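The file protein17.txt contains compact mmCIF, C-alpha atoms:
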# COMPACT_ATOMS: atom_id res chain seq x y z
CA MET A 5 83.11 -66.94 -46.11
CA ASN A 6 79.34 -66.60 -45.98
CA GLY A 7 79.21 -67.13 -42.22
CA ALA A 8 76.84 -66.10 -39.46
CA HIS A 9 79.16 -63.22 -38.61
CA ASP A 10 78.21 -61.42 -41.85
CA MET A 11 74.95 -60.06 -40.48
CA GLY A 12 74.51 -56.62 -42.07
CA GLY A 13 70.87 -56.31 -43.19
CA MET A 14 69.54 -59.38 -41.36
CA HIS A 15 66.18 -59.11 -39.61
CA GLY A 16 64.73 -60.47 -36.40
CA PHE A 17 67.39 -59.95 -33.73
CA GLY A 18 65.25 -57.49 -31.79
CA PRO A 19 66.01 -54.10 -30.27
CA VAL A 20 69.42 -52.77 -29.24
CA GLN A 21 69.86 -52.57 -25.47
CA ASP A 22 71.98 -49.73 -24.12
CA GLU A 23 74.30 -50.20 -21.16
CA PRO A 24 76.33 -47.85 -18.94
CA GLU A 25 79.62 -46.38 -20.13
CA ASP A 26 81.77 -47.83 -17.38
CA GLU A 27 80.67 -51.41 -17.85
CA TYR A 28 83.26 -53.33 -19.85
CA PHE A 29 83.01 -56.91 -18.61
CA HIS A 30 80.27 -59.11 -17.25
CA GLY A 31 81.98 -61.64 -15.06
CA GLU A 32 85.59 -62.35 -14.18
CA TRP A 33 85.91 -64.99 -16.92
CA GLU A 34 85.33 -62.29 -19.55
CA ARG A 35 88.22 -60.23 -18.15
CA ARG A 36 90.50 -63.26 -18.27
CA ALA A 37 89.36 -64.36 -21.76
CA PHE A 38 89.99 -60.82 -23.01
CA ALA A 39 93.45 -60.57 -21.45
CA LEU A 40 94.49 -64.08 -22.52
CA THR A 41 93.54 -63.25 -26.11
CA LEU A 42 95.61 -60.06 -26.12
CA ALA A 43 98.55 -61.70 -24.36
CA CYS A 44 98.59 -64.65 -26.78
CA GLY A 45 98.16 -62.29 -29.72
CA GLY A 46 101.38 -60.70 -28.47
CA LEU A 47 103.24 -63.97 -29.19
CA GLY A 48 103.12 -62.92 -32.85
CA LYS A 49 101.97 -66.32 -34.14
CA TRP A 50 98.87 -65.05 -35.90
CA SER A 51 97.48 -61.86 -37.45
CA ILE A 52 94.34 -59.99 -36.43
CA ASP A 53 92.67 -61.41 -39.55
CA GLU A 54 93.53 -65.00 -38.60
CA GLY A 55 91.97 -64.15 -35.23
CA ARG A 56 88.74 -62.98 -36.87
CA TYR A 57 88.65 -66.01 -39.17
CA SER A 58 89.07 -68.38 -36.19
CA ARG A 59 85.85 -66.99 -34.71
CA GLU A 60 83.74 -66.72 -37.85
CA ARG A 61 84.32 -70.27 -39.10
CA GLN A 62 82.34 -71.74 -36.20
CA PRO A 63 79.08 -73.43 -37.26
CA PRO A 64 76.51 -70.62 -37.69
CA ALA A 65 74.15 -71.86 -34.96
CA ARG A 66 77.00 -71.94 -32.49
CA TYR A 67 78.27 -68.50 -33.52
CA LEU A 68 74.83 -66.97 -33.05
CA GLY A 69 74.33 -68.69 -29.68
CA ASN A 70 77.61 -67.52 -28.19
CA THR A 71 78.17 -64.41 -26.14
CA TYR A 72 80.93 -62.14 -27.38
CA TYR A 73 83.78 -63.39 -25.23
CA GLU A 74 82.79 -66.99 -25.97
CA GLN A 75 83.70 -66.18 -29.59
CA TRP A 76 87.07 -64.92 -28.40
CA LEU A 77 87.67 -67.95 -26.22
CA HIS A 78 86.76 -70.34 -29.02
CA GLY A 79 89.03 -68.46 -31.45
CA LEU A 80 91.92 -68.43 -29.01
CA GLU A 81 91.71 -72.17 -28.29
CA THR A 82 91.46 -72.89 -32.02
CA LEU A 83 94.55 -70.85 -32.89
CA LEU A 84 96.64 -72.14 -29.97
CA VAL A 85 96.11 -75.69 -31.25
CA GLU A 86 96.47 -74.85 -34.96
CA LYS A 87 99.71 -73.00 -34.36
CA GLY A 88 101.12 -75.87 -32.31
CA LEU A 89 101.40 -73.94 -29.05
CA VAL A 90 99.17 -76.33 -27.11
CA THR A 91 97.58 -79.70 -27.90
CA GLU A 92 93.92 -80.74 -27.76
CA GLU A 93 94.88 -83.02 -24.89
CA GLU A 94 96.42 -80.15 -22.93
CA LEU A 95 93.28 -78.04 -23.51
CA ARG A 96 91.15 -80.88 -22.14
CA THR A 97 93.25 -81.47 -19.03
CA GLY A 98 94.52 -77.94 -18.36
CA LYS A 99 97.96 -79.50 -17.73
CA ALA A 100 101.10 -79.08 -19.82
CA ALA A 101 102.17 -82.34 -21.48
CA GLY A 102 105.28 -80.90 -23.12
CA PRO A 103 107.52 -77.83 -23.02
CA LYS A 104 106.73 -74.52 -24.63
CA PRO A 105 108.02 -74.10 -28.18
CA ASN A 106 111.46 -72.46 -28.21
CA ASP A 107 110.59 -69.70 -30.64
CA VAL A 108 108.00 -67.89 -28.52
CA GLN A 109 108.43 -65.52 -25.63
CA ALA A 110 105.63 -64.49 -23.25
CA LEU A 111 104.94 -60.75 -23.30
CA PRO A 112 106.14 -59.45 -19.91
CA ALA A 113 103.82 -57.19 -17.87
CA GLU A 114 106.19 -54.24 -18.09
CA ARG A 115 105.97 -54.25 -21.90
CA VAL A 116 102.17 -54.36 -22.14
CA TYR A 117 101.47 -50.64 -22.02
CA LYS A 118 104.11 -49.80 -24.60
CA ALA A 119 102.97 -52.58 -26.92
CA LEU A 120 99.40 -51.24 -26.81
CA GLN A 121 100.53 -47.65 -27.38
CA GLN A 122 102.56 -48.73 -30.39
CA GLY A 123 99.76 -50.78 -31.89
CA SER A 124 100.48 -52.29 -35.27
CA PRO A 125 100.03 -49.92 -38.19
CA TYR A 126 98.53 -51.64 -41.24
CA THR A 127 99.69 -49.23 -43.96
CA ARG A 128 102.12 -50.77 -46.46
CA PRO A 129 103.66 -49.85 -49.78
CA VAL A 130 101.89 -51.39 -52.78
CA ASP A 131 103.80 -52.36 -55.92
CA HIS A 132 101.26 -50.99 -58.39
CA PRO A 133 99.53 -47.59 -58.67
CA PRO A 134 95.96 -47.23 -57.36
CA GLY A 135 93.39 -48.32 -59.95
CA PHE A 136 90.69 -45.96 -58.68
CA ALA A 137 90.44 -42.34 -57.61
CA VAL A 138 88.03 -40.39 -55.43
CA GLY A 139 84.82 -39.86 -57.40
CA ASP A 140 85.08 -43.09 -59.43
CA ARG A 141 82.04 -45.35 -59.68
CA VAL A 142 82.89 -48.93 -58.68
CA ARG A 143 81.08 -52.24 -58.42
CA VAL A 144 81.90 -54.80 -55.72
CA VAL A 145 82.85 -58.09 -57.37
CA ASN A 146 80.19 -60.74 -56.76
CA ASP A 147 82.56 -63.23 -55.14
CA HIS A 148 81.81 -65.76 -52.38
CA PRO A 149 85.17 -67.03 -51.14
CA LEU A 150 85.18 -69.93 -48.69
CA THR A 151 87.81 -68.17 -46.61
CA HIS A 152 87.93 -64.85 -44.75
CA THR A 153 86.93 -61.69 -46.58
CA ARG A 154 85.90 -58.20 -45.50
CA ALA A 155 83.48 -57.54 -48.35
CA PRO A 156 80.12 -58.24 -46.68
CA ARG A 157 77.39 -59.98 -48.66
CA TYR A 158 75.15 -56.90 -48.64
CA VAL A 159 77.51 -54.93 -50.92
CA ARG A 160 78.53 -57.66 -53.37
CA GLY A 161 77.45 -56.76 -56.89
CA ARG A 162 76.45 -53.26 -55.75
CA VAL A 163 77.66 -49.97 -57.21
CA GLY A 164 79.07 -47.14 -55.12
CA THR A 165 81.36 -44.12 -55.31
CA VAL A 166 84.91 -43.88 -54.00
CA VAL A 167 84.96 -41.08 -51.40
CA LEU A 168 88.33 -41.60 -49.64
CA TYR A 169 91.63 -43.21 -50.54
CA HIS A 170 93.34 -44.65 -47.45
CA GLY A 171 96.61 -45.74 -49.12
CA GLY A 172 98.03 -49.24 -49.19
CA HIS A 173 96.87 -51.50 -46.33
CA VAL A 174 97.58 -55.12 -45.35
CA PHE A 175 95.06 -57.15 -47.38
CA ALA A 176 92.79 -58.92 -44.88
CA ASP A 177 91.92 -61.88 -47.11
CA ALA A 178 95.61 -62.82 -47.56
CA SER A 179 96.51 -62.02 -43.96
CA ALA A 180 93.78 -64.41 -42.73
CA ARG A 181 95.42 -67.20 -44.75
CA GLY A 182 98.66 -66.54 -42.90
CA GLU A 183 100.28 -64.73 -45.84
CA ARG A 184 102.29 -61.90 -44.40
CA GLY A 185 103.22 -58.84 -46.38
CA VAL A 186 100.42 -58.81 -48.97
CA ALA A 187 99.00 -55.29 -49.27
CA ASP A 188 96.65 -53.51 -51.63
CA HIS A 189 94.98 -50.15 -52.08
CA LEU A 190 92.16 -49.41 -49.66
CA TYR A 191 89.23 -47.11 -50.48
CA ASN A 192 86.19 -45.86 -48.67
CA VAL A 193 83.19 -46.44 -50.93
CA ALA A 194 79.76 -44.86 -50.36
CA PHE A 195 76.65 -46.80 -51.41
CA ASP A 196 73.30 -45.08 -51.70
CA SER A 197 70.85 -46.82 -49.36
CA LYS A 198 68.49 -47.43 -52.30
CA GLU A 199 71.23 -49.31 -54.16
CA LEU A 200 71.59 -51.63 -51.15
CA TRP A 201 68.06 -51.96 -49.81
CA GLY A 202 65.74 -51.02 -52.66
CA ILE A 203 62.35 -49.52 -52.04
CA GLN A 204 62.47 -49.90 -48.25
CA ALA A 205 65.59 -47.74 -48.02
CA GLU A 206 65.71 -44.63 -45.87
CA PRO A 207 67.52 -41.68 -47.50
CA GLY A 208 71.22 -41.82 -46.76
CA ASP A 209 74.26 -43.87 -47.56
CA VAL A 210 76.45 -46.61 -46.17
CA HIS A 211 80.24 -46.36 -46.33
CA LEU A 212 82.62 -49.33 -46.35
CA ASP A 213 86.38 -49.66 -46.53
CA LEU A 214 87.12 -51.96 -49.47
CA TRP A 215 90.39 -53.19 -50.95
CA GLU A 216 91.07 -52.87 -54.66
CA PRO A 217 90.69 -56.63 -55.42
CA TYR A 218 87.05 -56.37 -54.26
CA LEU A 219 86.27 -53.69 -56.85
CA GLU A 220 85.77 -53.33 -60.58
CA PRO A 221 84.95 -50.21 -62.63
CA ALA A 222 81.21 -49.51 -62.95
CA MET B 27 65.42 -53.11 -20.80
CA SER B 28 66.19 -56.77 -20.45
CA GLY B 29 65.57 -59.94 -22.35
CA PRO B 30 66.90 -63.36 -23.21
CA HIS B 31 70.03 -61.80 -24.73
CA ASP B 32 70.73 -59.72 -21.66
CA HIS B 33 74.01 -61.41 -20.78
CA GLY B 34 74.30 -60.29 -17.21
CA HIS B 35 73.90 -56.57 -17.96
CA GLY B 36 73.85 -54.43 -14.88
CA HIS B 37 76.48 -53.69 -12.34
CA HIS B 38 76.90 -57.15 -10.93
CA ASP B 39 78.88 -60.14 -12.01
CA HIS B 40 76.47 -63.00 -12.49
CA ASP B 41 78.88 -65.91 -12.66
CA HIS B 42 77.37 -67.74 -9.71
CA GLU B 43 73.84 -67.70 -11.12
CA HIS B 44 74.32 -69.60 -14.36
CA PRO B 45 75.61 -73.14 -14.90
CA ARG B 46 76.90 -72.08 -18.34
CA LEU B 47 78.83 -69.24 -16.78
CA SER B 48 80.42 -71.50 -14.19
CA GLU B 49 81.46 -73.78 -17.03
CA LEU B 50 83.06 -70.86 -18.82
CA GLN B 51 84.74 -69.73 -15.63
CA LEU B 52 86.33 -73.17 -15.28
CA ARG B 53 87.28 -73.37 -18.95
CA VAL B 54 89.04 -70.01 -18.83
CA ARG B 55 90.75 -70.80 -15.54
CA ALA B 56 92.07 -74.09 -16.95
CA LEU B 57 93.30 -72.33 -20.09
CA GLU B 58 95.04 -69.62 -18.08
CA SER B 59 96.81 -72.09 -15.80
CA LEU B 60 97.92 -74.16 -18.81
CA LEU B 61 99.31 -71.13 -20.63
CA VAL B 62 101.11 -69.89 -17.53
CA GLU B 63 102.55 -73.36 -16.89
CA LYS B 64 103.80 -73.49 -20.49
CA GLY B 65 105.40 -70.08 -20.18
CA LEU B 66 103.20 -68.61 -22.92
CA VAL B 67 101.70 -65.85 -20.79
CA ASP B 68 102.89 -63.78 -17.85
CA PRO B 69 100.02 -63.66 -15.31
CA ALA B 70 101.00 -60.11 -14.33
CA ALA B 71 100.61 -59.09 -17.97
CA LEU B 72 97.00 -60.30 -17.90
CA ASP B 73 96.24 -58.05 -14.91
CA GLU B 74 97.92 -55.18 -16.73
CA PHE B 75 95.75 -55.60 -19.86
CA ILE B 76 92.61 -55.63 -17.73
CA ASP B 77 93.66 -52.65 -15.63
CA ILE B 78 94.47 -50.53 -18.67
CA TYR B 79 91.08 -51.10 -20.33
CA GLU B 80 89.04 -50.92 -17.14
CA THR B 81 90.61 -47.84 -15.58
CA LYS B 82 92.80 -45.93 -18.05
CA VAL B 83 91.44 -46.06 -21.61
CA GLY B 84 87.79 -45.18 -22.10
CA PRO B 85 85.34 -42.75 -23.71
CA ARG B 86 86.51 -39.81 -21.60
CA ASN B 87 89.51 -39.77 -23.97
CA GLY B 88 87.27 -39.26 -26.97
CA ALA B 89 85.23 -36.65 -25.07
CA ARG B 90 88.39 -34.57 -24.64
CA VAL B 91 89.08 -34.76 -28.38
CA VAL B 92 85.52 -33.63 -29.15
CA ALA B 93 85.61 -30.76 -26.67
CA ARG B 94 88.90 -29.55 -28.12
CA ALA B 95 87.46 -29.72 -31.65
CA TRP B 96 84.50 -27.60 -30.48
CA THR B 97 86.68 -24.90 -28.97
CA ASP B 98 89.82 -24.77 -31.11
CA PRO B 99 89.38 -24.19 -34.87
CA GLU B 100 93.02 -25.03 -35.58
CA PHE B 101 92.66 -28.36 -33.83
CA LEU B 102 89.45 -29.04 -35.78
CA ALA B 103 91.28 -28.34 -39.04
CA TRP B 104 94.04 -30.76 -37.98
CA LEU B 105 91.48 -33.39 -37.04
CA ARG B 106 89.89 -33.09 -40.49
CA LYS B 107 93.23 -33.32 -42.24
CA ASP B 108 94.98 -36.01 -40.16
CA ALA B 109 92.82 -37.38 -37.35
CA SER B 110 95.41 -39.97 -36.26
CA ALA B 111 98.05 -37.29 -35.65
CA ALA B 112 95.65 -34.81 -34.03
CA ILE B 113 94.35 -37.47 -31.64
CA LYS B 114 97.87 -38.70 -30.90
CA SER B 115 98.70 -35.21 -29.60
CA PHE B 116 96.65 -36.17 -26.51
CA GLY B 117 98.65 -39.40 -26.13
CA PHE B 118 95.70 -41.45 -27.41
CA GLU B 119 97.19 -43.89 -29.91
CA GLY B 120 97.98 -47.49 -30.67
CA ARG B 121 95.99 -50.69 -30.77
CA GLN B 122 92.68 -50.42 -32.67
CA GLY B 123 93.28 -46.72 -33.32
CA GLU B 124 96.26 -46.81 -35.66
CA HIS B 125 94.33 -45.21 -38.53
CA MET B 126 91.66 -42.74 -37.43
CA VAL B 127 89.07 -40.82 -39.42
CA VAL B 128 86.70 -38.33 -37.77
CA VAL B 129 83.23 -37.87 -39.30
CA GLU B 130 81.37 -34.66 -38.47
CA ASN B 131 77.71 -34.27 -37.71
CA THR B 132 76.01 -31.15 -39.09
CA ASP B 133 72.46 -29.81 -39.35
CA LYS B 134 72.06 -31.94 -42.49
CA VAL B 135 74.25 -35.01 -41.88
CA HIS B 136 74.30 -37.49 -39.00
CA ASN B 137 76.99 -40.18 -38.83
CA LEU B 138 76.67 -43.63 -37.27
CA VAL B 139 79.51 -46.15 -36.84
CA VAL B 140 79.13 -49.94 -36.87
CA CYS B 141 81.15 -53.07 -37.58
CA THR B 142 78.74 -55.52 -39.17
CA LEU B 143 81.36 -58.29 -39.49
CA CYS B 144 82.80 -58.27 -35.97
CA SER B 145 83.44 -55.54 -33.40
CA CYS B 146 85.93 -53.00 -34.80
CA TYR B 147 85.93 -49.92 -32.58
CA PRO B 148 88.39 -47.09 -31.86
CA TRP B 149 89.87 -48.30 -28.56
CA PRO B 150 92.31 -45.46 -27.78
CA VAL B 151 89.49 -42.89 -27.80
CA LEU B 152 86.46 -44.94 -26.71
CA GLY B 153 87.92 -47.90 -24.80
CA LEU B 154 86.40 -51.33 -25.22
CA PRO B 155 83.03 -51.44 -26.97
CA PRO B 156 79.78 -51.98 -25.04
CA VAL B 157 77.99 -55.32 -25.46
CA TRP B 158 75.31 -53.77 -27.66
CA TYR B 159 77.87 -52.54 -30.21
CA LYS B 160 79.08 -56.14 -30.64
CA SER B 161 75.60 -57.64 -30.59
CA SER B 162 73.58 -59.11 -33.46
CA PRO B 163 70.73 -56.56 -33.13
CA TYR B 164 73.08 -53.62 -33.68
CA ARG B 165 75.33 -55.21 -36.29
CA SER B 166 72.40 -56.42 -38.39
CA ARG B 167 70.21 -53.31 -38.26
CA ALA B 168 72.57 -50.32 -38.25
CA VAL B 169 73.07 -50.53 -42.02
CA ILE B 170 69.50 -51.29 -43.11
CA ASP B 171 67.48 -49.44 -40.48
CA PRO B 172 69.65 -46.72 -38.92
CA ARG B 173 66.69 -44.60 -37.83
CA GLY B 174 65.16 -47.60 -36.10
CA VAL B 175 68.42 -48.18 -34.22
CA LEU B 176 68.56 -44.51 -33.22
CA ALA B 177 64.98 -44.80 -31.95
CA ASP B 178 66.10 -47.64 -29.64
CA PHE B 179 68.29 -45.01 -27.96
CA GLY B 180 65.49 -42.43 -27.90
CA THR B 181 67.15 -40.46 -30.69
CA VAL B 182 64.84 -38.91 -33.28
CA LEU B 183 66.32 -36.77 -36.05
CA PRO B 184 64.46 -34.40 -38.40
CA ASP B 185 63.40 -36.05 -41.68
CA ASP B 186 65.71 -33.88 -43.76
CA VAL B 187 68.84 -35.09 -41.97
CA GLU B 188 70.78 -37.59 -44.07
CA ILE B 189 72.26 -40.54 -42.18
CA LYS B 190 75.69 -41.77 -43.16
CA VAL B 191 76.55 -45.19 -41.76
CA TRP B 192 80.22 -46.17 -41.54
CA ASP B 193 80.75 -49.95 -41.58
CA SER B 194 84.29 -50.56 -40.23
CA THR B 195 85.40 -53.28 -42.64
CA ALA B 196 89.18 -52.62 -42.55
CA GLU B 197 91.67 -51.29 -39.97
CA VAL B 198 90.50 -47.68 -40.28
CA ARG B 199 88.56 -46.59 -37.19
CA TYR B 200 85.85 -43.93 -37.21
CA LEU B 201 84.98 -41.44 -34.48
CA VAL B 202 81.84 -39.33 -34.73
CA LEU B 203 82.24 -35.63 -33.95
CA PRO B 204 78.81 -34.76 -32.52
CA GLN B 205 77.33 -31.26 -32.87
CA ARG B 206 78.01 -28.84 -30.05
CA PRO B 207 74.70 -28.15 -28.34
CA ALA B 208 73.25 -24.62 -28.28
CA GLY B 209 73.65 -22.59 -25.10
CA THR B 210 77.14 -23.89 -24.30
CA GLU B 211 79.06 -20.78 -25.42
CA ASN B 212 80.26 -20.03 -21.88
CA LEU B 213 81.32 -23.54 -20.91
CA SER B 214 84.98 -24.42 -20.53
CA GLU B 215 86.60 -27.20 -22.54
CA ASP B 216 86.43 -29.51 -19.50
CA GLU B 217 82.76 -28.73 -18.93
CA LEU B 218 82.05 -29.43 -22.58
CA ALA B 219 83.89 -32.76 -22.38
CA ASP B 220 81.61 -33.76 -19.50
CA LEU B 221 78.61 -33.41 -21.84
CA VAL B 222 80.01 -35.75 -24.48
CA THR B 223 78.82 -39.34 -24.14
CA ARG B 224 80.28 -42.53 -25.56
CA ASN B 225 77.03 -43.08 -27.45
CA SER B 226 77.25 -39.67 -29.12
CA MET B 227 80.71 -40.54 -30.43
CA ILE B 228 79.39 -43.79 -31.95
CA GLY B 229 76.48 -41.80 -33.36
CA VAL B 230 73.46 -43.35 -31.65
CA GLU B 231 72.77 -40.17 -29.67
CA THR B 232 73.21 -36.42 -29.97
CA VAL B 233 74.77 -34.32 -27.21
CA SER B 234 72.29 -32.41 -25.05
CA TYR B 235 72.65 -29.37 -22.83
CA PRO B 236 71.74 -29.44 -20.04
CA ALA B 237 72.92 -33.05 -19.96
CA ARG B 238 70.30 -35.80 -19.76
CA PRO B 239 70.49 -37.58 -16.38
CA ALA B 240 71.91 -40.74 -17.99
CA GLN B 241 74.46 -38.62 -19.84
CA GLU B 242 75.61 -36.94 -16.64
CA ALA B 243 75.95 -40.23 -14.79
CA ALA B 244 77.94 -41.66 -17.67
CA ALA B 245 80.34 -38.74 -17.76
CA GLN B 246 80.90 -38.84 -14.01
CA GLY B 247 81.18 -42.60 -13.71
CA GLY B 248 83.30 -43.08 -16.80
CA VAL B 249 87.01 -43.78 -16.55
CA GLN B 250 89.53 -41.04 -17.27
With the file now loaded, output its structure as structure tokens.
Amino acid sequence: MNGAHDMGGMHGFGPVQDEPEDEYFHGEWERRAFALTLACGGLGKWSIDEGRYSRERQPPARYLGNTYYEQWLHGLETLLVEKGLVTEEELRTGKAAGPKPNDVQALPAERVYKALQQGSPYTRPVDHPPGFAVGDRVRVVNDHPLTHTRAPRYVRGRVGTVVLYHGGHVFADASARGERGVADHLYNVAFDSKELWGIQAEPGDVHLDLWEPYLEPA
Amino acid sequence: MSGPHDHGHGHHDHDHEHPRLSELQLRVRALESLLVEKGLVDPAALDEFIDIYETKVGPRNGARVVARAWTDPEFLAWLRKDASAAIKSFGFEGRQGEHMVVVENTDKVHNLVVCTLCSCYPWPVLGLPPVWYKSSPYRSRAVIDPRGVLADFGTVLPDDVEIKVWDSTAEVRYLVLPQRPAGTENLSEDELADLVTRNSMIGVETVSYPARPAQEAAAQGGVQ
């Protein structure tokens, strides 16, 4: 979707402000919002892409006004309700009105470290051969889906060169719709800065990881 | 530097100063107690998540990978061929680092990593991202004005250096291998790791020797 999250190339946000290496959270609520999001993610009720989509479909003004962990908190509350794990009423009161669904199990503390170490690899077999090879010129399809996509606006319709083939990966657009098991070929595509930004461009290029359905031969 | 978007930067927690923050504190507390009551989260698991990312997984991991790459040509070759496996040999693996690619800075190429769409970042080697990496200023400008972003960090590169920006749009995570600074031939691998900053592995800085004061403080204060 063409949301406020898709901000590559926007102007006017001001300078970047550095901060120390050992500063991860700003306030106890951020720690808890972070941990609650990971713990609930461990229930297996939604994919990482559904998580991203839950944050980016906020109204743009709200998205831009939020701090980072406010996005997470909003996304978490949204998914908990949509997946039927809690009700709006329970969120309002902070009190359980009914039992937990039978088919979910809280991730116990002693399994946290192992779960993180294992991660969740996203490579998958794909049922058709790759349509592109390293060195091919490709154009990003000029598509504006209403749902989640990982082809940012600033590359749509632009031509680049395939520089890496990553293999088959879970296709984010399908995964965000709750479709499990859809995978497609993933490529790293380099775009010359001039192709993206025209006469203002500095010499150099910008690389993006793009799935085959985003691309057509150029 | 500070400004209207300076969300409580600095070493203190600012919860008590802001009505909005108190509201958030209450909202999160209510959510946590609801989820615990419903049996959806184990409160001890929450503490474990926080402890791991505040004290165990951070940019010192990535610094060890970089220092090894600077001193061991075989390791460097492995890193180029299969970064995920080479990095896993340190025990750095898993969530948000399942598929790693290392991009090397040279005299002619400087790499910079961003996630314009959200906040994708290689957690096993760099820990959780700093606020600025997730912020609108960085996400909007890194792709259109990389030299301007570098200048915000005091980094100025020669004109003939080409900048490659890596926008993390899938589940592949990128780690920048900075250039080894001149004059470090006699340093041990551990001493070299102390020079490597988080920012240099994102690509907004180069590595200096002797270390800049901020760089030294970062390396000493950073988690292991």
- Message: Counting all atoms listed in the file, find residues at most 12 Å from (103.1, -55.4, -20.5) (file frame) and give them as JSON, numbers by chain.
- Response: {"A": [39, 42, 43, 46, 110, 111, 112, 113, 114, 115, 116, 117, 118, 119, 120, 121, 122], "B": [67, 68, 69, 70, 71, 72, 73, 74, 75, 76, 77, 78]}
- Query: For the atom pair atom CA of B:Val182 and atom CA of B:Cys144, what is the interatomic distance in Å to one decimal place?
  - Reply: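 Atom-to-atom, atom CA of B:Val182 and atom CA of B:Cys144 are spaced 26.5 Å apart.
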- Item | Contact residues around A:Glu94 with all atoms listed in the file at 10 Å, ignoring same-chain residues under 4 positions, as a PyMOL selection string | (chain A and resi 85+90+98-102) or (chain B and resi 56-57+60-61)
Just the selected residues (C-alpha atoms), exported as an mmCIF file, in the coordinates of the input, please.
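This went into result_29.cif:
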data_model
loop_
_atom_site.group_PDB
_atom_site.id
_atom_site.type_symbol
_atom_site.label_atom_id
_atom_site.label_comp_id
_atom_site.auth_asym_id
_atom_site.auth_seq_id
_atom_site.Cartn_x
_atom_site.Cartn_y
_atom_site.Cartn_z
ATOM 1 C CA VAL A 85 96.110 -75.690 -31.250
ATOM 2 C CA VAL A 90 99.170 -76.330 -27.110
ATOM 3 C CA GLY A 98 94.520 -77.940 -18.360
ATOM 4 C CA LYS A 99 97.960 -79.500 -17.730
ATOM 5 C CA ALA A 100 101.100 -79.080 -19.820
ATOM 6 C CA ALA A 101 102.170 -82.340 -21.480
ATOM 7 C CA GLY A 102 105.280 -80.900 -23.120
ATOM 8 C CA ALA B 56 92.070 -74.090 -16.950
ATOM 9 C CA LEU B 57 93.300 -72.330 -20.090
ATOM 10 C CA LEU B 60 97.920 -74.160 -18.810
ATOM 11 C CA LEU B 61 99.310 -71.130 -20.630
#
- Message: Neighbouring residues of stretch 233-238 of chain B were defined as those with any atom within 12 Å, considering all atoms listed in the file; residues of the same chain fewer than 4 positions away were excluded. Please report them as a PyMOL selection string.
- Response: chain B and resi 89+92-93+131+180-181+202-211+213+217-229+242-246
So which residues touch B:Pro150 within 6 Å, counting all atoms listed in the file, skipping near sequence neighbours fewer than 5 positions away, as an mmCIF file with C-alpha atoms, in the coordinates of the input?
data_model
loop_
_atom_site.group_PDB
_atom_site.id
_atom_site.type_symbol
_atom_site.label_atom_id
_atom_site.label_comp_id
_atom_site.auth_asym_id
_atom_site.auth_seq_id
_atom_site.Cartn_x
_atom_site.Cartn_y
_atom_site.Cartn_z
ATOM 1 C CA PHE B 118 95.700 -41.450 -27.410
ATOM 2 C CA GLU B 119 97.190 -43.890 -29.910
ATOM 3 C CA GLY B 123 93.280 -46.720 -33.320
#
- Could you tell me how far atom CA of B:Asn137 lies from atom CA of A:Val174, in Å and to one decimal? 26.3 Å
- Query: What is the distance, in Å and to one decimal place, between atom CA of A:Asn70 and atom CA of B:Cys141?
  - Reply: 17.6 Å
- Query: Residues at most 7 Å from stretch 190-199 of chain A, counting only C-alpha atoms, excluding those fewer than 5 positions away in the same chain, as a ChimeraX atom specification?
  - Reply: /A:162-173,205-216
